[in-house]
Every structure is written in C-alpha cells, then in structure tokens.
file target.cif (mmCIF, N, CA and C atoms)
data_entry
loop_
_atom_site.label_atom_id
_atom_site.label_comp_id
_atom_site.auth_asym_id
_atom_site.auth_seq_id
_atom_site.Cartn_x
_atom_site.Cartn_y
_atom_site.Cartn_z
N MET S 1 -16.41 -0.76 -35.41
CA MET S 1 -15.54 -0.21 -34.39
C MET S 1 -15.87 -0.87 -33.05
N GLU S 2 -14.83 -1.24 -32.30
CA GLU S 2 -15.02 -1.91 -31.02
C GLU S 2 -15.44 -0.91 -29.95
N SER S 3 -16.14 -1.45 -28.97
CA SER S 3 -16.56 -0.63 -27.84
C SER S 3 -15.36 -0.31 -26.96
N MET S 4 -15.36 0.86 -26.34
CA MET S 4 -14.28 1.28 -25.45
C MET S 4 -14.48 0.76 -24.03
N VAL S 5 -15.64 0.19 -23.76
CA VAL S 5 -15.93 -0.33 -22.43
C VAL S 5 -15.42 -1.76 -22.33
N PRO S 6 -14.65 -2.09 -21.26
CA PRO S 6 -14.14 -3.45 -21.14
C PRO S 6 -15.25 -4.46 -20.90
N SER S 7 -15.04 -5.68 -21.36
CA SER S 7 -16.03 -6.74 -21.16
C SER S 7 -16.01 -7.19 -19.70
N ILE S 8 -17.04 -7.91 -19.29
CA ILE S 8 -17.14 -8.40 -17.92
C ILE S 8 -16.00 -9.36 -17.61
N THR S 9 -15.57 -10.14 -18.60
CA THR S 9 -14.44 -11.06 -18.41
C THR S 9 -13.16 -10.29 -18.15
N GLU S 10 -12.93 -9.22 -18.90
CA GLU S 10 -11.75 -8.38 -18.68
C GLU S 10 -11.79 -7.74 -17.29
N ILE S 11 -12.93 -7.29 -16.88
CA ILE S 11 -13.08 -6.65 -15.56
C ILE S 11 -12.79 -7.66 -14.45
N ILE S 12 -13.39 -8.84 -14.54
CA ILE S 12 -13.19 -9.87 -13.50
C ILE S 12 -11.73 -10.31 -13.47
N THR S 13 -11.12 -10.52 -14.63
CA THR S 13 -9.72 -10.92 -14.70
C THR S 13 -8.82 -9.85 -14.08
N HIS S 14 -9.08 -8.61 -14.42
CA HIS S 14 -8.26 -7.52 -13.88
C HIS S 14 -8.42 -7.40 -12.37
N ILE S 15 -9.63 -7.51 -11.87
CA ILE S 15 -9.86 -7.44 -10.42
C ILE S 15 -9.17 -8.60 -9.72
N PHE S 16 -9.28 -9.80 -10.27
CA PHE S 16 -8.66 -10.98 -9.66
C PHE S 16 -7.14 -10.81 -9.56
N PHE S 17 -6.49 -10.44 -10.67
CA PHE S 17 -5.04 -10.30 -10.65
C PHE S 17 -4.61 -9.10 -9.81
N GLY S 18 -5.41 -8.05 -9.79
CA GLY S 18 -5.10 -6.89 -8.94
C GLY S 18 -5.16 -7.25 -7.47
N LEU S 19 -6.19 -8.00 -7.09
CA LEU S 19 -6.31 -8.43 -5.70
C LEU S 19 -5.21 -9.43 -5.33
N ALA S 20 -4.90 -10.33 -6.23
CA ALA S 20 -3.85 -11.31 -5.97
C ALA S 20 -2.50 -10.62 -5.77
N ALA S 21 -2.24 -9.58 -6.54
CA ALA S 21 -0.98 -8.84 -6.39
C ALA S 21 -0.93 -8.07 -5.08
N SER S 22 -2.08 -7.78 -4.49
CA SER S 22 -2.13 -7.02 -3.24
C SER S 22 -2.07 -7.89 -1.99
N ILE S 23 -2.08 -9.20 -2.15
CA ILE S 23 -2.05 -10.10 -0.98
C ILE S 23 -0.82 -9.86 -0.10
N PRO S 24 0.39 -9.72 -0.65
CA PRO S 24 1.54 -9.44 0.23
C PRO S 24 1.36 -8.14 1.03
N GLN S 25 0.77 -7.12 0.41
CA GLN S 25 0.54 -5.86 1.11
C GLN S 25 -0.47 -6.03 2.25
N VAL S 26 -1.45 -6.89 2.04
CA VAL S 26 -2.42 -7.17 3.10
C VAL S 26 -1.71 -7.83 4.28
N PHE S 27 -0.81 -8.77 4.00
CA PHE S 27 -0.04 -9.41 5.08
C PHE S 27 0.81 -8.39 5.84
N ILE S 28 1.40 -7.46 5.12
CA ILE S 28 2.20 -6.42 5.78
C ILE S 28 1.33 -5.59 6.71
N VAL S 29 0.13 -5.21 6.27
CA VAL S 29 -0.78 -4.44 7.11
C VAL S 29 -1.14 -5.25 8.36
N VAL S 30 -1.45 -6.53 8.19
CA VAL S 30 -1.83 -7.39 9.32
C VAL S 30 -0.67 -7.50 10.31
N ILE S 31 0.55 -7.69 9.81
CA ILE S 31 1.71 -7.81 10.69
C ILE S 31 1.96 -6.50 11.43
N CYS S 32 1.80 -5.38 10.76
CA CYS S 32 1.97 -4.08 11.41
C CYS S 32 0.91 -3.85 12.48
N LEU S 33 -0.32 -4.25 12.19
CA LEU S 33 -1.38 -4.13 13.19
C LEU S 33 -1.10 -5.03 14.39
N TYR S 34 -0.60 -6.22 14.14
CA TYR S 34 -0.22 -7.14 15.21
C TYR S 34 0.85 -6.50 16.10
N TYR S 35 1.82 -5.85 15.47
CA TYR S 35 2.88 -5.17 16.23
C TYR S 35 2.27 -4.10 17.14
N ILE S 36 1.35 -3.31 16.62
CA ILE S 36 0.72 -2.26 17.43
C ILE S 36 -0.06 -2.86 18.59
N PHE S 37 -0.78 -3.94 18.33
CA PHE S 37 -1.56 -4.55 19.41
C PHE S 37 -0.65 -5.12 20.50
N LYS S 38 0.52 -5.61 20.13
CA LYS S 38 1.44 -6.19 21.10
C LYS S 38 2.27 -5.13 21.82
N LYS S 39 2.71 -4.10 21.11
CA LYS S 39 3.63 -3.11 21.69
C LYS S 39 2.96 -1.80 22.07
N GLY S 40 1.73 -1.59 21.64
CA GLY S 40 1.06 -0.32 21.92
C GLY S 40 1.30 0.68 20.80
N SER S 41 0.71 1.83 20.94
CA SER S 41 0.76 2.85 19.89
C SER S 41 2.04 3.68 19.98
N LYS S 42 3.15 3.04 19.73
CA LYS S 42 4.43 3.75 19.68
C LYS S 42 4.58 4.34 18.29
N ILE S 43 5.44 5.35 18.18
CA ILE S 43 5.57 6.09 16.93
C ILE S 43 5.93 5.18 15.75
N GLU S 44 6.83 4.21 15.97
CA GLU S 44 7.21 3.35 14.85
C GLU S 44 6.04 2.49 14.39
N GLY S 45 5.22 2.03 15.33
CA GLY S 45 4.05 1.22 14.97
C GLY S 45 3.03 2.01 14.20
N VAL S 46 2.80 3.24 14.64
CA VAL S 46 1.83 4.11 13.95
C VAL S 46 2.32 4.40 12.53
N LEU S 47 3.61 4.68 12.39
CA LEU S 47 4.16 4.94 11.06
C LEU S 47 4.09 3.71 10.16
N LEU S 48 4.40 2.54 10.72
CA LEU S 48 4.33 1.30 9.95
C LEU S 48 2.91 1.03 9.48
N VAL S 49 1.95 1.15 10.38
CA VAL S 49 0.55 0.87 10.03
C VAL S 49 0.03 1.89 9.03
N SER S 50 0.23 3.17 9.30
CA SER S 50 -0.32 4.19 8.40
C SER S 50 0.33 4.10 7.02
N GLY S 51 1.62 3.86 6.97
CA GLY S 51 2.29 3.73 5.68
C GLY S 51 1.84 2.52 4.90
N SER S 52 1.69 1.39 5.59
CA SER S 52 1.28 0.18 4.88
C SER S 52 -0.18 0.26 4.42
N ILE S 53 -1.03 0.87 5.23
CA ILE S 53 -2.44 1.03 4.82
C ILE S 53 -2.55 1.99 3.63
N LEU S 54 -1.82 3.09 3.67
CA LEU S 54 -1.85 4.03 2.54
C LEU S 54 -1.38 3.34 1.26
N SER S 55 -0.31 2.60 1.34
CA SER S 55 0.21 1.91 0.15
C SER S 55 -0.78 0.87 -0.38
N LEU S 56 -1.40 0.14 0.53
CA LEU S 56 -2.39 -0.86 0.11
C LEU S 56 -3.59 -0.20 -0.55
N LEU S 57 -4.12 0.85 0.06
CA LEU S 57 -5.29 1.53 -0.51
C LEU S 57 -4.97 2.14 -1.87
N CYS S 58 -3.77 2.68 -2.01
CA CYS S 58 -3.39 3.25 -3.30
C CYS S 58 -3.23 2.18 -4.37
N ALA S 59 -2.66 1.04 -3.99
CA ALA S 59 -2.52 -0.06 -4.95
C ALA S 59 -3.89 -0.54 -5.42
N LEU S 60 -4.81 -0.69 -4.48
CA LEU S 60 -6.17 -1.12 -4.85
C LEU S 60 -6.88 -0.05 -5.68
N SER S 61 -6.71 1.21 -5.33
CA SER S 61 -7.34 2.30 -6.08
C SER S 61 -6.80 2.39 -7.50
N THR S 62 -5.52 2.15 -7.65
CA THR S 62 -4.93 2.17 -8.99
C THR S 62 -5.49 1.02 -9.83
N GLN S 63 -5.66 -0.15 -9.20
CA GLN S 63 -6.24 -1.28 -9.92
C GLN S 63 -7.67 -0.98 -10.35
N ILE S 64 -8.42 -0.35 -9.48
CA ILE S 64 -9.80 0.02 -9.80
C ILE S 64 -9.83 1.07 -10.90
N GLY S 65 -8.89 2.01 -10.83
CA GLY S 65 -8.83 3.07 -11.84
C GLY S 65 -8.59 2.56 -13.23
N VAL S 66 -7.85 1.47 -13.35
CA VAL S 66 -7.58 0.90 -14.67
C VAL S 66 -8.89 0.50 -15.35
N LEU S 67 -9.84 0.03 -14.56
CA LEU S 67 -11.12 -0.38 -15.13
C LEU S 67 -11.86 0.79 -15.78
N PHE S 68 -11.64 1.99 -15.26
CA PHE S 68 -12.33 3.16 -15.78
C PHE S 68 -11.49 3.98 -16.74
N SER S 69 -10.27 3.52 -17.01
CA SER S 69 -9.35 4.31 -17.82
C SER S 69 -9.89 4.58 -19.22
N GLN S 70 -10.54 3.61 -19.79
CA GLN S 70 -11.07 3.80 -21.14
C GLN S 70 -12.28 4.74 -21.14
N VAL S 71 -13.01 4.75 -20.05
CA VAL S 71 -14.19 5.62 -19.96
C VAL S 71 -13.75 7.06 -19.69
N TRP S 72 -12.78 7.25 -18.79
CA TRP S 72 -12.34 8.59 -18.41
C TRP S 72 -11.51 9.28 -19.47
N GLY S 73 -10.77 8.51 -20.22
CA GLY S 73 -9.83 9.09 -21.17
C GLY S 73 -8.43 9.12 -20.58
N ALA S 74 -7.46 9.26 -21.45
CA ALA S 74 -6.05 9.15 -21.04
C ALA S 74 -5.63 10.25 -20.08
N ASP S 75 -6.04 11.49 -20.33
CA ASP S 75 -5.61 12.60 -19.46
C ASP S 75 -6.15 12.47 -18.05
N SER S 76 -7.42 12.14 -17.92
CA SER S 76 -8.02 11.99 -16.59
C SER S 76 -7.41 10.81 -15.86
N TYR S 77 -7.20 9.72 -16.57
CA TYR S 77 -6.61 8.54 -15.93
C TYR S 77 -5.17 8.83 -15.50
N LEU S 78 -4.43 9.54 -16.31
CA LEU S 78 -3.06 9.89 -15.97
C LEU S 78 -3.01 10.75 -14.70
N THR S 79 -3.89 11.71 -14.59
CA THR S 79 -3.98 12.54 -13.38
C THR S 79 -4.33 11.67 -12.18
N TYR S 80 -5.28 10.78 -12.36
CA TYR S 80 -5.71 9.86 -11.29
C TYR S 80 -4.53 9.03 -10.79
N THR S 81 -3.75 8.46 -11.72
CA THR S 81 -2.62 7.62 -11.30
C THR S 81 -1.53 8.45 -10.64
N TYR S 82 -1.28 9.66 -11.13
CA TYR S 82 -0.26 10.51 -10.50
C TYR S 82 -0.62 10.82 -9.05
N VAL S 83 -1.89 11.11 -8.81
CA VAL S 83 -2.33 11.41 -7.45
C VAL S 83 -2.10 10.20 -6.55
N PHE S 84 -2.51 9.03 -6.99
CA PHE S 84 -2.38 7.85 -6.15
C PHE S 84 -0.93 7.38 -6.02
N TYR S 85 -0.12 7.59 -7.04
CA TYR S 85 1.31 7.27 -6.91
C TYR S 85 1.96 8.22 -5.89
N GLY S 86 1.55 9.47 -5.88
CA GLY S 86 2.08 10.42 -4.91
C GLY S 86 1.70 10.04 -3.49
N ILE S 87 0.44 9.66 -3.29
CA ILE S 87 0.00 9.23 -1.96
C ILE S 87 0.70 7.94 -1.56
N SER S 88 0.88 7.04 -2.50
CA SER S 88 1.58 5.79 -2.23
C SER S 88 3.03 6.05 -1.84
N PHE S 89 3.66 7.02 -2.48
CA PHE S 89 5.03 7.39 -2.13
C PHE S 89 5.10 7.88 -0.69
N ILE S 90 4.15 8.71 -0.30
CA ILE S 90 4.10 9.20 1.08
C ILE S 90 3.93 8.02 2.04
N GLY S 91 3.05 7.08 1.70
CA GLY S 91 2.86 5.89 2.52
C GLY S 91 4.14 5.08 2.65
N SER S 92 4.86 4.94 1.55
CA SER S 92 6.12 4.19 1.58
C SER S 92 7.16 4.89 2.45
N VAL S 93 7.21 6.21 2.37
CA VAL S 93 8.16 6.97 3.20
C VAL S 93 7.81 6.80 4.67
N LEU S 94 6.52 6.88 5.02
CA LEU S 94 6.11 6.68 6.41
C LEU S 94 6.51 5.29 6.89
N PHE S 95 6.27 4.28 6.06
CA PHE S 95 6.63 2.91 6.42
C PHE S 95 8.13 2.78 6.64
N VAL S 96 8.92 3.34 5.75
CA VAL S 96 10.38 3.24 5.86
C VAL S 96 10.88 3.94 7.13
N ILE S 97 10.33 5.10 7.44
CA ILE S 97 10.74 5.80 8.66
C ILE S 97 10.39 4.96 9.89
N GLY S 98 9.18 4.40 9.92
CA GLY S 98 8.79 3.53 11.03
C GLY S 98 9.67 2.31 11.13
N PHE S 99 10.00 1.71 10.01
CA PHE S 99 10.87 0.53 9.99
C PHE S 99 12.27 0.89 10.48
N PHE S 100 12.77 2.03 10.06
CA PHE S 100 14.09 2.49 10.49
C PHE S 100 14.11 2.69 12.01
N ILE S 101 13.09 3.33 12.56
CA ILE S 101 13.02 3.54 14.01
C ILE S 101 12.98 2.20 14.73
N LEU S 102 12.19 1.27 14.23
CA LEU S 102 12.09 -0.05 14.84
C LEU S 102 13.43 -0.79 14.81
N VAL S 103 14.10 -0.76 13.68
CA VAL S 103 15.41 -1.43 13.56
C VAL S 103 16.41 -0.77 14.50
N ARG S 104 16.42 0.55 14.54
CA ARG S 104 17.35 1.27 15.42
C ARG S 104 17.12 0.91 16.88
N LYS S 105 15.85 0.85 17.30
CA LYS S 105 15.54 0.46 18.68
C LYS S 105 15.96 -0.98 18.95
N THR S 106 15.71 -1.86 18.01
CA THR S 106 16.05 -3.27 18.18
C THR S 106 17.56 -3.45 18.29
N ILE S 107 18.31 -2.79 17.43
CA ILE S 107 19.77 -2.90 17.47
C ILE S 107 20.31 -2.30 18.76
N LYS S 108 19.76 -1.18 19.19
CA LYS S 108 20.21 -0.55 20.42
C LYS S 108 19.99 -1.49 21.60
N HIS S 109 18.83 -2.13 21.67
CA HIS S 109 18.53 -3.06 22.75
C HIS S 109 19.43 -4.29 22.69
N LYS S 110 19.70 -4.81 21.51
CA LYS S 110 20.55 -5.99 21.35
C LYS S 110 21.97 -5.69 21.81
N VAL S 111 22.49 -4.50 21.44
CA VAL S 111 23.84 -4.11 21.81
C VAL S 111 23.94 -3.94 23.33
N LEU S 112 22.94 -3.31 23.93
CA LEU S 112 22.93 -3.10 25.38
C LEU S 112 22.78 -4.43 26.13
N ASP S 113 22.05 -5.36 25.56
CA ASP S 113 21.85 -6.67 26.20
C ASP S 113 23.14 -7.49 26.20
N GLN S 114 24.04 -7.23 25.27
CA GLN S 114 25.27 -8.01 25.19
C GLN S 114 26.26 -7.63 26.30
N TYR S 115 26.15 -6.42 26.82
CA TYR S 115 27.11 -5.96 27.85
C TYR S 115 26.63 -6.19 29.23
#

call {"tool": "encode", "arguments": {"input": "target.cif", "output": "structure tokens"}}
result
Amino acid sequence: MESMVPSITEIITHIFFGLAASIPQVFIVVICLYYIFKKGSKIEGVLLVSGSILSLLCALSTQIGVLFSQVWGADSYLTYTYVFYGISFIGSVLFVIGFFILVRKTIKHKVLDQY
C-alpha cells in the first residue's frame, strides 16, 4: 500500500506551480499599493488593496492546504477550502467595489474635463 504523504518532489512541484499561478495576483497587489502611495488612502484605494491582498493570501493558503489534504482527510480539507473560498469571495467583492468607484470617478472627471 502506498503512503498517503506526498513525496518531496510532489511538494516542490505543487509549491512551484502554485506560486507561479499567483504571480499575476502579486502584480495586482503591487499596482494597488502604488495607487495608494500616489493618491493617498482614499476609499477606492483601500478597497482595491484589501481585496487584492485577501485574494492573494487565500490563493496561497489554498495551495498550501493541498499539501496537507491527504494528511487531514477529505472532510477537513473540504472545510478548509470552503473557508478560504469564502474569504476570497469577500476579497473579490471588495476589489470590485473599489474598482467600480475608481472607474466612476475617472469617467466623471473625463466627462467634466471635456466641457
């Protein structure tokens, strides 16, 4: 019977691909932080940063959780993923609200600048 614990090669491969998949999210966090540093702590910036950081942390936590899925068992791992998917959803909603506010402000300024 095979061991339920993943090999070191499986762990390293999973971590590598998990981190590689998170690179775009890291760029989003950096861009949102850049926006806050340039524009100050406005509500849209805070929402963009908090939402993108929550989503990034949840994505990384889910990748880490996969490594322990065989040790924890299916029920515990399923609960773990549901919790992090829920938090990630909240992060996505925060990001979308911040993005919407930013777009609305940008469009309002562009329209006013034309007249």

call {"tool": "atom_distance", "arguments": {"input": "target.cif", "atom1": "CA of Gly45 (chain S)", "atom2": "CA of Gln25 (chain S)"}}
result
16.0 Å

call {"tool": "resolve_selection", "arguments": {"input": "target.cif", "expression": "the PyMOL selection byres ((chain S and resi 83-93) around 7)", "output": "ChimeraX atom specification"}}
result
/S:50-56,58-59,62,78-82,94-98

call {"tool": "closest_residue", "arguments": {"input": "target.cif", "among": "S:Ser69, S:Glu44, S:Ala74, S:Tyr35", "to": "Phe99 (chain S)", "atoms": "only N, CA and C atoms"}}
result
S:Glu44

call {"tool": "closest_residue", "arguments": {"input": "target.cif", "among": "S:His109, S:Val49, S:Leu67, S:Ile101", "to": "Ile11 (chain S)", "atoms": "only N, CA and C atoms"}}
result
S:Leu67

call {"tool": "resolve_selection", "arguments": {"input": "target.cif", "expression": "the PyMOL selection byres (((chain S and resi 33 and name CA) around 10) and name CA)", "output": "PyMOL selection string"}}
result
chain S and resi 27-32+34-41+45-46+48-50+52-53

call {"tool": "atom_distance", "arguments": {"input": "target.cif", "atom1": "atom N of Lys42 (chain S)", "atom2": "CA of Val26 (chain S)"}}
result
20.3 Å

call {"tool": "atom_distance", "arguments": {"input": "target.cif", "atom1": "atom N of Gln63 (chain S)", "atom2": "CA of Ser7 (chain S)"}}
result
17.1 Å
